[in-house]
$ cat upload_37.txt   # compact mmCIF, C-alpha atoms
# COMPACT_ATOMS: atom_id res chain seq x y z
CA MET A 1 -20.63 -17.89 -14.24
CA GLU A 2 -19.85 -19.31 -17.64
CA PHE A 3 -17.49 -22.15 -16.99
CA GLN A 4 -16.77 -22.81 -20.66
CA LEU A 5 -15.45 -19.28 -21.09
CA LEU A 6 -13.04 -19.82 -18.25
CA VAL A 7 -11.78 -23.08 -19.75
CA ASN A 8 -11.26 -21.41 -23.13
CA ALA A 9 -9.37 -18.53 -21.57
CA ALA A 10 -7.28 -20.70 -19.27
CA PRO A 11 -4.08 -20.68 -21.37
CA LEU A 12 -4.23 -16.90 -21.69
CA LEU A 13 -4.84 -16.46 -17.97
CA GLY A 14 -1.98 -18.82 -17.22
CA LYS A 15 0.36 -16.78 -19.38
CA ALA A 16 -0.83 -13.58 -17.69
CA LEU A 17 -0.29 -15.15 -14.28
CA LEU A 18 3.26 -16.05 -15.25
CA GLN A 19 3.84 -12.49 -16.40
CA THR A 20 2.55 -11.18 -13.06
CA LEU A 21 4.86 -13.58 -11.26
CA LEU A 22 7.79 -12.44 -13.38
CA ILE A 23 7.09 -8.76 -12.66
CA ALA A 24 6.67 -9.52 -8.96
CA LEU A 25 9.91 -11.51 -8.80
CA VAL A 26 11.96 -8.90 -10.63
CA SER A 27 10.57 -6.04 -8.55
CA ILE A 28 10.87 -7.88 -5.24
CA THR A 29 14.50 -8.76 -5.93
CA LEU A 30 15.33 -5.22 -7.01
CA ALA A 31 13.39 -3.65 -4.15
CA PHE A 32 15.15 -5.77 -1.55
CA THR A 33 18.54 -4.98 -3.03
CA ILE A 34 17.95 -1.23 -3.30
CA GLY A 35 16.31 -1.12 0.12
CA PHE A 36 19.20 -2.99 1.70
CA VAL A 37 21.77 -0.65 0.17
CA LEU A 38 19.72 2.36 1.25
CA ALA A 39 19.41 1.08 4.82
CA GLU A 40 23.16 0.41 5.03
CA ILE A 41 23.94 3.85 3.62
CA SER A 42 21.70 5.57 6.13
CA ILE A 43 23.15 3.56 9.03
CA LEU A 44 26.83 3.74 8.11
CA GLY A 45 26.74 7.25 6.66
CA GLY A 46 26.93 10.30 8.85
CA ARG A 47 24.11 12.41 10.10
CA THR A 48 23.70 14.37 6.86
CA VAL A 49 23.46 11.23 4.74
CA GLY A 50 20.97 9.76 7.18
CA PHE A 51 18.86 12.89 6.99
CA LEU A 52 18.94 12.90 3.19
CA THR A 53 17.88 9.26 2.92
CA ARG A 54 15.09 9.89 5.42
CA CYS A 55 13.88 12.80 3.29
CA LEU A 56 13.92 10.61 0.18
CA THR A 57 12.02 7.85 1.98
CA GLU A 58 9.38 10.21 3.33
CA ALA A 59 8.97 11.97 -0.02
CA ILE A 60 8.37 8.76 -1.92
CA ARG A 61 6.14 7.25 0.76
CA GLY A 62 3.92 10.34 0.67
CA VAL A 63 2.96 9.64 -2.92
CA PRO A 64 0.45 6.97 -4.01
CA LEU A 65 1.93 4.04 -5.90
CA LEU A 66 -0.12 4.81 -9.01
CA VAL A 67 1.20 8.37 -9.18
CA PHE A 68 4.73 7.12 -8.66
CA VAL A 69 4.30 4.61 -11.47
CA PHE A 70 3.16 7.42 -13.78
CA LEU A 71 6.06 9.63 -12.68
CA VAL A 72 8.65 6.97 -13.47
CA TYR A 73 6.88 6.12 -16.72
CA TYR A 74 7.18 9.71 -17.92
CA LEU A 75 10.50 10.52 -16.25
CA LEU A 76 12.60 7.73 -17.75
CA PRO A 77 12.21 8.82 -21.41
CA ARG A 78 13.10 12.35 -20.36
CA MET A 79 16.35 11.09 -18.94
CA GLY A 80 17.01 9.46 -22.30
CA LEU A 81 16.14 5.93 -21.18
CA TYR A 82 13.78 4.33 -23.65
CA ILE A 83 12.87 1.02 -22.05
CA ASP A 84 9.91 -1.30 -22.31
CA THR A 85 6.81 -0.38 -20.33
CA MET A 86 7.14 -3.54 -18.31
CA TYR A 87 10.62 -2.59 -17.11
CA SER A 88 9.47 0.92 -16.36
CA GLY A 89 6.72 -0.58 -14.20
CA CYS A 90 9.25 -2.84 -12.49
CA VAL A 91 11.56 0.10 -11.80
CA ALA A 92 8.69 2.08 -10.30
CA LEU A 93 7.55 -0.82 -8.11
CA SER A 94 11.03 -1.63 -6.90
CA VAL A 95 12.06 1.93 -6.09
CA PHE A 96 8.74 2.60 -4.36
CA PHE A 97 8.88 -0.49 -2.18
CA ALA A 98 12.63 -0.20 -1.60
CA MET A 99 11.72 2.66 0.73
CA TYR A 100 9.58 0.32 2.82
CA VAL A 101 12.35 -2.32 2.80
CA ALA A 102 14.84 0.28 3.98
CA GLU A 103 12.50 1.35 6.75
CA ILE A 104 11.97 -2.24 7.93
CA LEU A 105 15.71 -2.99 7.88
CA ARG A 106 16.57 0.25 9.66
CA GLY A 107 14.06 -0.63 12.37
CA ALA A 108 15.52 -4.12 12.63
CA PHE A 109 19.06 -2.77 13.04
CA ARG A 110 17.84 -0.35 15.67
CA ALA A 111 16.11 -3.15 17.56
CA ILE A 112 19.46 -4.86 18.20
CA SER A 113 20.97 -3.74 21.46
CA LYS A 114 23.92 -1.40 21.13
CA VAL A 115 26.00 -3.60 23.42
CA GLN A 116 26.41 -6.04 20.55
CA SER A 117 28.25 -3.65 18.28
CA GLU A 118 30.26 -2.26 21.18
CA ALA A 119 31.35 -5.77 22.10
CA GLY A 120 32.33 -6.37 18.51
CA LEU A 121 34.39 -3.18 18.39
CA ALA A 122 35.98 -4.04 21.74
CA LEU A 123 37.11 -7.36 20.24
CA GLY A 124 38.95 -5.38 17.61
CA MET A 125 36.57 -6.00 14.70
CA SER A 126 36.40 -3.39 12.00
CA ASN A 127 33.18 -1.45 11.49
CA TRP A 128 32.47 -3.49 8.39
CA LYS A 129 32.98 -6.78 10.21
CA VAL A 130 30.70 -5.75 13.07
CA GLN A 131 28.08 -4.87 10.51
CA THR A 132 28.29 -8.07 8.50
CA ILE A 133 29.10 -10.72 11.12
CA VAL A 134 27.42 -9.41 14.26
CA LEU A 135 24.52 -7.22 13.29
CA LEU A 136 23.34 -8.39 9.87
CA PRO A 137 22.31 -11.96 10.79
CA GLN A 138 20.31 -10.73 13.76
CA ALA A 139 18.71 -7.91 11.79
CA LEU A 140 17.70 -10.29 9.00
CA ARG A 141 16.08 -12.60 11.51
CA ILE A 142 14.01 -9.73 12.88
CA ALA A 143 13.20 -8.32 9.46
CA LEU A 144 12.37 -11.48 7.54
CA PRO A 145 8.65 -11.84 8.51
CA PRO A 146 7.77 -8.18 7.77
CA LEU A 147 9.75 -8.42 4.53
CA MET A 148 7.71 -11.46 3.50
CA ASN A 149 4.53 -9.53 4.24
CA LEU A 150 5.88 -6.72 2.09
CA ALA A 151 6.48 -9.24 -0.68
CA ALA A 152 2.79 -10.19 -0.49
CA ILE A 153 1.85 -6.51 -0.69
CA MET A 154 4.11 -6.15 -3.73
CA ILE A 155 2.42 -9.07 -5.49
CA LYS A 156 -0.89 -7.27 -4.97
CA ALA A 157 0.65 -3.99 -6.11
CA THR A 158 1.75 -5.42 -9.47
CA SER A 159 -1.86 -4.99 -10.55
CA VAL A 160 -1.35 -1.21 -10.54
CA VAL A 161 1.15 -1.28 -13.42
CA SER A 162 -1.65 -2.51 -15.68
CA ILE A 163 -2.79 1.12 -15.80
CA ILE A 164 0.28 2.19 -17.77
CA GLY A 165 -0.36 -0.69 -20.11
CA VAL A 166 1.85 -3.49 -18.82
CA TRP A 167 0.30 -6.75 -19.91
CA GLU A 168 -0.17 -8.86 -16.80
CA LEU A 169 -2.99 -10.59 -14.96
CA THR A 170 -5.15 -7.54 -14.33
CA LEU A 171 -4.85 -6.11 -17.84
CA ALA A 172 -5.37 -9.53 -19.42
CA THR A 173 -8.49 -10.06 -17.33
CA ASN A 174 -9.74 -6.63 -18.26
CA GLU A 175 -9.27 -7.37 -21.96
CA LEU A 176 -11.04 -10.70 -21.58
CA VAL A 177 -13.96 -8.98 -19.89
CA MET A 178 -14.17 -6.38 -22.65
CA ARG A 179 -14.27 -9.17 -25.22
CA THR A 180 -16.69 -11.53 -23.49
CA MET A 181 -18.80 -9.21 -21.30
CA ALA A 182 -18.52 -11.64 -18.39
CA PRO A 183 -17.06 -9.53 -15.59
CA PHE A 184 -17.87 -11.88 -12.73
CA THR A 185 -16.28 -14.94 -14.26
CA PHE A 186 -12.93 -13.39 -15.06
CA PHE A 187 -12.48 -10.88 -12.28
CA LEU A 188 -13.38 -13.53 -9.71
CA ALA A 189 -10.88 -15.87 -11.35
CA ALA A 190 -8.23 -13.15 -11.13
CA LEU A 191 -9.12 -12.49 -7.50
CA VAL A 192 -8.72 -16.19 -6.70
CA MET A 193 -5.30 -16.27 -8.38
CA TYR A 194 -4.06 -13.19 -6.55
CA PHE A 195 -5.46 -14.57 -3.31
CA VAL A 196 -3.61 -17.85 -3.68
CA LEU A 197 -0.32 -16.07 -4.35
CA CYS A 198 -0.61 -13.52 -1.55
CA TYR A 199 -2.15 -15.78 1.04
CA GLY A 200 0.55 -18.34 0.39
CA THR A 201 3.24 -15.74 0.95
CA VAL A 202 1.56 -14.44 4.11
CA ARG A 203 1.21 -17.96 5.52
CA CYS A 204 4.89 -18.55 4.78
CA ALA A 205 5.68 -15.34 6.65
CA SER A 206 3.75 -16.32 9.75
CA HIS A 207 5.20 -19.83 9.68
CA LEU A 208 8.67 -18.36 9.33
CA SER A 209 8.22 -15.91 12.17
CA LYS A 210 7.05 -18.73 14.43
CA ARG A 211 10.11 -20.81 13.58
CA LEU A 212 12.53 -17.92 13.96
CA ASN A 213 11.08 -17.03 17.34
CA LYS A 214 11.42 -20.63 18.43
CA SER A 215 15.12 -20.65 17.64
CA GLN A 216 15.51 -17.32 19.37
CA ARG A 217 14.07 -18.55 22.64
CA SER A 218 16.24 -21.65 23.12
CA MET B 1 22.88 9.00 -34.66
CA LEU B 2 21.78 9.37 -31.08
CA ARG B 3 23.45 12.67 -30.38
CA PRO B 4 21.05 15.11 -32.08
CA ARG B 5 18.02 13.57 -30.42
CA ALA B 6 19.63 13.78 -27.00
CA ALA B 7 20.55 17.42 -27.60
CA SER B 8 17.08 18.34 -28.75
CA GLN B 9 15.67 16.54 -25.76
CA LEU B 10 17.79 18.73 -23.55
CA ARG B 11 16.71 21.92 -25.23
CA GLY B 12 13.13 20.99 -25.99
CA SER B 13 11.39 19.18 -23.22
CA ASN B 14 13.81 18.73 -20.38
CA VAL B 15 12.98 22.13 -18.98
CA PHE B 16 10.37 21.97 -16.30
CA ASP B 17 7.44 24.05 -17.52
CA TRP B 18 5.78 25.67 -14.54
CA SER B 19 3.25 27.58 -16.59
CA ILE B 20 1.32 24.39 -17.33
CA ILE B 21 0.64 23.87 -13.65
CA VAL B 22 -0.31 27.48 -13.12
CA ARG B 23 -2.63 27.47 -16.11
CA SER B 24 -4.45 24.33 -15.07
CA ARG B 25 -4.70 25.03 -11.39
CA ALA B 26 -8.51 24.98 -11.56
CA ASP B 27 -8.48 21.32 -12.64
CA LEU B 28 -5.99 20.47 -9.94
CA LEU B 29 -8.08 22.20 -7.29
CA ASP B 30 -11.20 20.32 -8.41
CA GLY B 31 -9.20 17.12 -8.20
CA VAL B 32 -7.97 17.91 -4.69
CA VAL B 33 -11.51 18.67 -3.55
CA LEU B 34 -12.87 15.43 -5.00
CA THR B 35 -10.01 13.38 -3.54
CA ILE B 36 -10.57 14.89 -0.09
CA LEU B 37 -14.33 14.38 -0.37
CA LEU B 38 -13.84 10.79 -1.46
CA SER B 39 -11.38 10.04 1.34
CA GLY B 40 -13.59 11.79 3.88
CA ILE B 41 -16.72 9.84 3.03
CA ALA B 42 -14.94 6.52 2.57
CA GLY B 43 -12.87 7.13 5.71
CA ALA B 44 -15.89 7.89 7.90
CA LEU B 45 -17.82 4.89 6.56
CA SER B 46 -14.91 2.51 6.98
CA LEU B 47 -14.29 3.78 10.50
CA ILE B 48 -17.87 2.99 11.51
CA GLY B 49 -17.89 -0.29 9.59
CA GLY B 50 -14.48 -1.21 10.92
CA LEU B 51 -15.61 -0.68 14.49
CA VAL B 52 -18.64 -2.91 13.93
CA LEU B 53 -16.56 -5.56 12.14
CA GLY B 54 -13.84 -5.44 14.78
CA ILE B 55 -16.31 -5.96 17.64
CA ALA B 56 -18.15 -8.64 15.66
CA ARG B 57 -14.90 -10.52 15.09
CA ILE B 58 -14.21 -10.52 18.82
CA LYS B 59 -17.75 -11.47 19.86
CA CYS B 60 -18.84 -13.89 17.14
CA ARG B 61 -17.66 -17.47 17.30
CA GLY B 62 -18.55 -20.43 15.13
CA PHE B 63 -19.92 -20.03 11.64
CA VAL B 64 -20.36 -16.24 11.62
CA GLY B 65 -16.87 -15.78 13.01
CA ALA B 66 -15.43 -18.05 10.32
CA VAL B 67 -17.25 -16.10 7.60
CA LEU B 68 -15.95 -12.80 8.96
CA THR B 69 -12.40 -14.14 9.16
CA ALA B 70 -12.67 -15.42 5.60
CA TYR B 71 -13.86 -11.99 4.44
CA VAL B 72 -10.96 -10.27 6.19
CA GLU B 73 -8.40 -12.64 4.70
CA LEU B 74 -9.96 -12.35 1.26
CA MET B 75 -9.88 -8.57 1.30
CA ARG B 76 -6.38 -8.38 2.70
CA ASN B 77 -4.92 -10.65 0.08
CA THR B 78 -6.49 -9.37 -3.11
CA PRO B 79 -5.56 -6.22 -5.01
CA LEU B 80 -7.93 -3.28 -4.64
CA LEU B 81 -7.81 -2.60 -8.37
CA VAL B 82 -9.31 -5.97 -9.30
CA THR B 83 -12.05 -5.58 -6.68
CA LEU B 84 -12.74 -2.15 -8.11
CA TYR B 85 -13.06 -3.55 -11.64
CA LEU B 86 -15.28 -6.36 -10.35
CA ILE B 87 -17.68 -3.94 -8.68
CA TYR B 88 -17.53 -1.28 -11.38
CA PHE B 89 -18.11 -3.62 -14.32
CA GLY B 90 -19.96 -6.35 -12.45
CA LEU B 91 -22.75 -4.52 -10.65
CA PRO B 92 -24.38 -3.10 -13.81
CA MET B 93 -24.53 -6.66 -15.19
CA ILE B 94 -26.81 -7.72 -12.35
CA GLY B 95 -28.93 -4.61 -12.70
CA LEU B 96 -27.40 -2.37 -10.04
CA GLU B 97 -26.47 0.95 -11.60
CA LEU B 98 -24.17 2.84 -9.24
CA PRO B 99 -22.56 6.14 -10.19
CA THR B 100 -18.77 5.98 -10.52
CA PHE B 101 -18.24 7.89 -7.31
CA GLY B 102 -20.57 5.53 -5.46
CA SER B 103 -18.86 2.40 -6.68
CA VAL B 104 -15.40 3.75 -5.86
CA VAL B 105 -16.59 4.63 -2.34
CA LEU B 106 -18.14 1.17 -2.02
CA VAL B 107 -14.92 -0.58 -3.01
CA LEU B 108 -12.74 1.61 -0.79
CA VAL B 109 -15.03 0.95 2.17
CA LEU B 110 -15.17 -2.80 1.47
CA GLN B 111 -11.38 -2.89 1.55
CA HIS B 112 -10.57 -0.43 4.32
CA VAL B 113 -13.22 -1.71 6.72
CA VAL B 114 -10.89 -4.68 7.02
CA PHE B 115 -7.78 -2.62 7.83
CA VAL B 116 -9.65 -0.47 10.36
CA SER B 117 -11.24 -3.51 11.99
CA GLU B 118 -7.86 -5.20 12.39
CA VAL B 119 -6.41 -2.08 14.03
CA LEU B 120 -9.37 -1.59 16.38
CA ARG B 121 -9.52 -5.28 17.20
CA GLY B 122 -5.89 -5.16 18.24
CA GLY B 123 -6.66 -2.09 20.35
CA LEU B 124 -9.67 -3.71 22.01
CA LEU B 125 -7.77 -6.90 22.74
CA SER B 126 -4.89 -4.89 24.24
CA VAL B 127 -7.14 -3.78 27.13
CA PRO B 128 -6.33 -6.13 30.04
CA LEU B 129 -9.09 -8.57 30.90
CA SER B 130 -8.70 -7.78 34.60
CA GLN B 131 -10.01 -4.27 33.99
CA ILE B 132 -13.18 -5.61 32.39
CA GLU B 133 -13.63 -8.05 35.27
CA ALA B 134 -13.11 -5.22 37.74
CA ALA B 135 -15.74 -3.13 35.96
CA ARG B 136 -18.13 -6.07 36.01
CA ALA B 137 -17.46 -6.53 39.72
CA LEU B 138 -18.38 -2.89 40.24
CA GLY B 139 -21.76 -3.68 38.69
CA MET B 140 -21.34 -1.79 35.39
CA ARG B 141 -23.54 -2.78 32.50
CA PRO B 142 -21.87 -4.32 29.40
CA MET B 143 -22.55 -1.17 27.32
CA ALA B 144 -21.09 1.02 30.04
CA ILE B 145 -18.02 -1.19 30.33
CA PHE B 146 -17.46 -0.86 26.61
CA ARG B 147 -18.08 2.88 26.53
CA ILE B 148 -16.18 3.91 29.65
CA VAL B 149 -13.50 1.26 30.18
CA GLN B 150 -12.72 -0.56 26.97
CA PHE B 151 -13.23 1.83 24.10
CA PRO B 152 -11.23 4.89 25.28
CA GLN B 153 -8.14 2.79 25.91
CA ALA B 154 -8.53 0.88 22.65
CA TRP B 155 -8.97 4.19 20.83
CA SER B 156 -5.86 5.80 22.25
CA ALA B 157 -3.86 2.67 21.48
CA SER B 158 -4.97 2.59 17.87
CA VAL B 159 -4.93 6.26 16.82
CA PRO B 160 -1.44 6.13 15.21
CA ALA B 161 -2.28 3.03 13.19
CA LEU B 162 -5.65 4.53 12.21
CA ILE B 163 -3.93 7.61 10.84
CA GLY B 164 -1.64 5.32 8.88
CA ALA B 165 -4.70 3.56 7.50
CA LEU B 166 -6.26 6.90 6.58
CA ILE B 167 -3.14 7.95 4.65
CA LEU B 168 -3.27 4.60 2.86
CA LEU B 169 -6.92 5.30 2.04
CA VAL B 170 -6.06 8.69 0.53
CA HIS B 171 -3.40 6.97 -1.58
CA ASP B 172 -5.84 4.27 -2.64
CA THR B 173 -8.32 6.85 -3.90
CA SER B 174 -5.88 7.43 -6.76
CA LEU B 175 -7.02 4.08 -8.18
CA GLY B 176 -10.37 5.74 -8.88
CA ALA B 177 -8.65 7.19 -11.94
CA ALA B 178 -8.63 3.66 -13.38
CA VAL B 179 -12.42 3.90 -13.78
CA SER B 180 -12.28 7.55 -14.90
CA LEU B 181 -13.33 9.17 -11.66
CA VAL B 182 -12.10 12.76 -11.96
CA ASP B 183 -9.98 12.83 -8.81
CA LEU B 184 -6.51 14.29 -8.45
CA THR B 185 -4.83 11.54 -10.46
CA MET B 186 -7.37 11.77 -13.27
CA ALA B 187 -6.93 15.55 -13.28
CA ALA B 188 -3.25 15.03 -14.05
CA LYS B 189 -4.12 12.61 -16.85
CA VAL B 190 -6.61 15.09 -18.30
CA ILE B 191 -4.11 17.94 -18.12
CA SER B 192 -1.38 15.87 -19.71
CA GLN B 193 -3.69 14.91 -22.55
CA ARG B 194 -4.70 18.51 -23.13
CA THR B 195 -1.29 20.12 -22.94
CA ALA B 196 0.86 17.22 -24.17
CA ALA B 197 3.06 17.83 -21.13
CA SER B 198 3.31 14.45 -19.49
CA PHE B 199 5.64 15.01 -16.60
CA GLU B 200 4.69 18.32 -14.97
CA PRO B 201 1.09 17.54 -13.97
CA PHE B 202 2.19 14.33 -12.30
CA VAL B 203 4.86 16.15 -10.32
CA ALA B 204 2.19 18.63 -9.27
CA ILE B 205 -0.21 15.95 -8.03
CA ALA B 206 2.64 14.07 -6.36
CA VAL B 207 3.32 17.25 -4.38
CA CYS B 208 -0.41 17.56 -3.58
CA TYR B 209 -0.59 13.97 -2.30
CA SER B 210 2.60 14.46 -0.28
CA VAL B 211 1.21 17.58 1.34
CA ILE B 212 -2.05 15.82 2.20
CA SER B 213 -0.17 12.84 3.68
CA TRP B 214 2.15 15.13 5.63
CA LEU B 215 -0.74 17.17 7.03
CA LEU B 216 -2.54 13.98 8.03
CA SER B 217 0.49 12.61 9.81
CA ARG B 218 0.95 15.92 11.66
CA ALA B 219 -2.72 15.86 12.64
CA GLY B 220 -2.16 12.29 13.73
CA GLN B 221 0.67 13.31 16.06
CA PHE B 222 -1.60 15.99 17.53
CA PHE B 223 -4.45 13.53 18.12
CA GLU B 224 -2.04 10.98 19.50
CA ARG B 225 -0.93 13.46 22.15
CA ARG B 226 -4.55 14.29 22.98
CA ALA B 227 -5.66 10.67 23.06
CA ARG B 228 -2.80 9.75 25.41
CA ILE B 229 -4.59 11.59 28.21
CA ALA B 230 -7.10 8.75 28.33
CA ARG B 231 -4.42 6.29 29.34

$ encode --input "upload_37.txt" --output "structure tokens"
Amino acid sequence: MEFQLLVNAAPLLGKALLQTLLIALVSITLAFTIGFVLAEISILGGRTVGFLTRCLTEAIRGVPLLVFVFLVYYLLPRMGLYIDTMYSGCVALSVFFAMYVAEILRGAFRAISKVQSEAGLALGMSNWKVQTIVLLPQALRIALPPLMNLAAIMIKATSVVSIIGVWELTLATNELVMRTMAPFTFFLAALVMYFVLCYGTVRCASHLSKRLNKSQRS
Amino acid sequence: MLRPRAASQLRGSNVFDWSIIVRSRADLLDGVVLTILLSGIAGALSLIGGLVLGIARIKCRGFVGAVLTAYVELMRNTPLLVTLYLIYFGLPMIGLELPTFGSVVLVLVLQHVVFVSEVLRGGLLSVPLSQIEAARALGMRPMAIFRIVQFPQAWSASVPALIGALILLVHDTSLGAAVSLVDLTMAAKVISQRTAASFEPFVAIAVCYSVISWLLSRAGQFFERRARIAR
């Protein structure tokens, strides 16, 4: 372990870490939004729409993330969208994980007893109101811990977009290793950084789920 | 300015060219075989290792237990790709020359041992303590208790999650392409470099991976039904 090398590379690694964080934030936000819309569509839409969204979810979940990243990377220019590689990676990550978000939210909505929405309808609320005032807060409470875990998984998954050439922590580390021939130093440093990010998120998730359960019981 | 390019795009490359896939089916088949081989070997090894690690995490307390927990947390919270790079580029530096296939298997096992152990640990802990006490009261030996009472129930409880882990493993093998292992994903890269068709090979391998995942989940449902008899 050459400590001096690490000190010299610290600014670069810091910049790469920020880039990873940026990619993670953008994709997590997008994934949660798309996933939420998808879940609502499949719940509120009829049987056909539900079936179609299920098919989409299953199709995308059957494919490895790396392959999906490549697909999006090559598909977007074909559709006439010439965007930066970083955004293409973000789009791939967010669409891929949106399917998981949708699945979690759908499960959360299903976990709420049907009596709740029936009571809401009996009180004369519109479908929309039942959805937003009665069901959504409860569903979010159920779904928040698994969604946080998914966020941690997404932070880990940002490393995959380095393969299509997005400059972030993994690619930066790789370049540093090629230049300095010190694989242990830099890859271990990268591992530590990823670990801190993901473990922090996971701890937040477990803390959150404990608190939410506490409020549920009383 | 933009119009002509868009039009030529439509005429030129927007058509899905099936012939590329048909022509390079040998490469794709080789890739499928290697991916299945890789997942088979890594899956079997991580199942065995995961069982050992899962039992060790239940039995071991104190220092060893803390080390095992630390390992599990470390592996769960770091990206597989970086671990792969660390092993692939790091081991030769300390004089251990592994072939690419070997190092990819090693990394996959290192990572998936953890997932499998978590699943099996949950399964083992889900067996009520009263049953184990009852077995002990009947005078069964510890090995017999594990083999006859504890393990079958734990197994049938964890089959669905194990199949999920196996599908994840198959998907993770695609990262082998990052270190130029000629699996399914690398086959697509090779084809796209040879034919200059970027999109078609990736659609083809996406379909391959989907079919493999679907078959595995169907097999999982079958095994789940069979394993339920034990309950």

$ closest_residue --input "upload_37.txt" --among "A:Ile104, A:Val192, A:Cys204, A:Val161" --to "Thr85 in chain A" --atoms "only C-alpha atoms"
A:Val161

$ interface_residues --input "upload_37.txt" --of "chain A" --to "chain B" --cutoff "9 Å" --atoms "only C-alpha atoms" --output "short mmCIF file (atom, residue, chain, number, x, y, z; two decimals) with C-alpha atoms, keeping the file's coordinate frame"
data_model
loop_
_atom_site.label_atom_id
_atom_site.label_comp_id
_atom_site.auth_asym_id
_atom_site.auth_seq_id
_atom_site.Cartn_x
_atom_site.Cartn_y
_atom_site.Cartn_z
CA GLU A 58 9.38 10.21 3.33
CA ALA A 59 8.97 11.97 -0.02
CA ILE A 60 8.37 8.76 -1.92
CA ARG A 61 6.14 7.25 0.76
CA GLY A 62 3.92 10.34 0.67
CA VAL A 63 2.96 9.64 -2.92
CA PRO A 64 0.45 6.97 -4.01
CA LEU A 65 1.93 4.04 -5.90
CA LEU A 66 -0.12 4.81 -9.01
CA VAL A 67 1.20 8.37 -9.18
CA PHE A 68 4.73 7.12 -8.66
CA PHE A 70 3.16 7.42 -13.78
CA LEU A 71 6.06 9.63 -12.68
CA TYR A 73 6.88 6.12 -16.72
CA TYR A 74 7.18 9.71 -17.92
CA LEU A 75 10.50 10.52 -16.25
CA ARG A 78 13.10 12.35 -20.36
CA MET A 79 16.35 11.09 -18.94
CA GLY A 80 17.01 9.46 -22.30
CA ALA A 152 2.79 -10.19 -0.49
CA ILE A 153 1.85 -6.51 -0.69
CA ILE A 155 2.42 -9.07 -5.49
CA LYS A 156 -0.89 -7.27 -4.97
CA ALA A 157 0.65 -3.99 -6.11
CA THR A 158 1.75 -5.42 -9.47
CA SER A 159 -1.86 -4.99 -10.55
CA VAL A 160 -1.35 -1.21 -10.54
CA ILE A 163 -2.79 1.12 -15.80
CA THR A 170 -5.15 -7.54 -14.33
CA ASN A 174 -9.74 -6.63 -18.26
CA VAL A 177 -13.96 -8.98 -19.89
CA MET A 181 -18.80 -9.21 -21.30
CA ALA A 182 -18.52 -11.64 -18.39
CA PRO A 183 -17.06 -9.53 -15.59
CA PHE A 184 -17.87 -11.88 -12.73
CA PHE A 186 -12.93 -13.39 -15.06
CA PHE A 187 -12.48 -10.88 -12.28
CA LEU A 188 -13.38 -13.53 -9.71
CA ALA A 190 -8.23 -13.15 -11.13
CA LEU A 191 -9.12 -12.49 -7.50
CA VAL A 192 -8.72 -16.19 -6.70
CA MET A 193 -5.30 -16.27 -8.38
CA TYR A 194 -4.06 -13.19 -6.55
CA PHE A 195 -5.46 -14.57 -3.31
CA VAL A 196 -3.61 -17.85 -3.68
CA LEU A 197 -0.32 -16.07 -4.35
CA CYS A 198 -0.61 -13.52 -1.55
CA TYR A 199 -2.15 -15.78 1.04
CA VAL A 202 1.56 -14.44 4.11
#

$ axis_aligned_box --input "upload_37.txt" --around "range 97-109 of chain B" --padding-each-side "3 Å" --output "JSON"
{"center_x": -19.6, "center_y": 3.7, "center_z": -4.7, "size_x": 19.7, "size_y": 14.5, "size_z": 19.8}

$ residues_around --input "upload_37.txt" --residues "range 55-61 of chain B" --least-positions-apart "4" --cutoff "9 Å" --atoms "all atoms listed in the file" --output "JSON list (two decimals) with C-alpha atoms, in the frame of the given file"
[["chain", "number", "residue", "atom", "x", "y", "z"],
["B", 50, "GLY", "CA", -14.48, -1.21, 10.92],
["B", 51, "LEU", "CA", -15.61, -0.68, 14.49],
["B", 65, "GLY", "CA", -16.87, -15.78, 13.01],
["B", 66, "ALA", "CA", -15.43, -18.05, 10.32],
["B", 68, "LEU", "CA", -15.95, -12.80, 8.96],
["B", 69, "THR", "CA", -12.40, -14.14, 9.16],
["B", 117, "SER", "CA", -11.24, -3.51, 11.99],
["B", 120, "LEU", "CA", -9.37, -1.59, 16.38],
["B", 121, "ARG", "CA", -9.52, -5.28, 17.20],
["B", 124, "LEU", "CA", -9.67, -3.71, 22.01],
["B", 125, "LEU", "CA", -7.77, -6.90, 22.74]]

$ closest_residue --input "upload_37.txt" --among "B:Met143, B:Leu106, B:Leu53, B:Val119" --to "Ser156 in chain B" --atoms "all atoms listed in the file"
B:Val119

$ closest_residue --input "upload_37.txt" --among "B:Val127, B:Ala204, B:Leu98, B:Ala227" --to "Val22 in chain B" --atoms "all atoms listed in the file"
B:Ala204

$ closest_residue --input "upload_37.txt" --among "B:Ser192, B:Gly164, B:Leu138, B:Ser39" --to "Arg218 in chain B" --atoms "only C-alpha atoms"
B:Gly164

$ atom_distance --input "upload_37.txt" --atom1 "CA of Phe32 in chain A" --atom2 "CA of Arg141 in chain A"
14.8 Å

$ atom_distance --input "upload_37.txt" --atom1 "CA of Gly165 in chain A" --atom2 "CA of Gly89 in chain A"
9.2 Å

$ residues_around --input "upload_37.txt" --residues "Val37 in chain A" --least-positions-apart "6" --cutoff "12 Å" --atoms "all atoms listed in the file" --output "PyMOL selection string"
chain A and resi 30-31+43-45+53+95+98-99+101-103+105-106
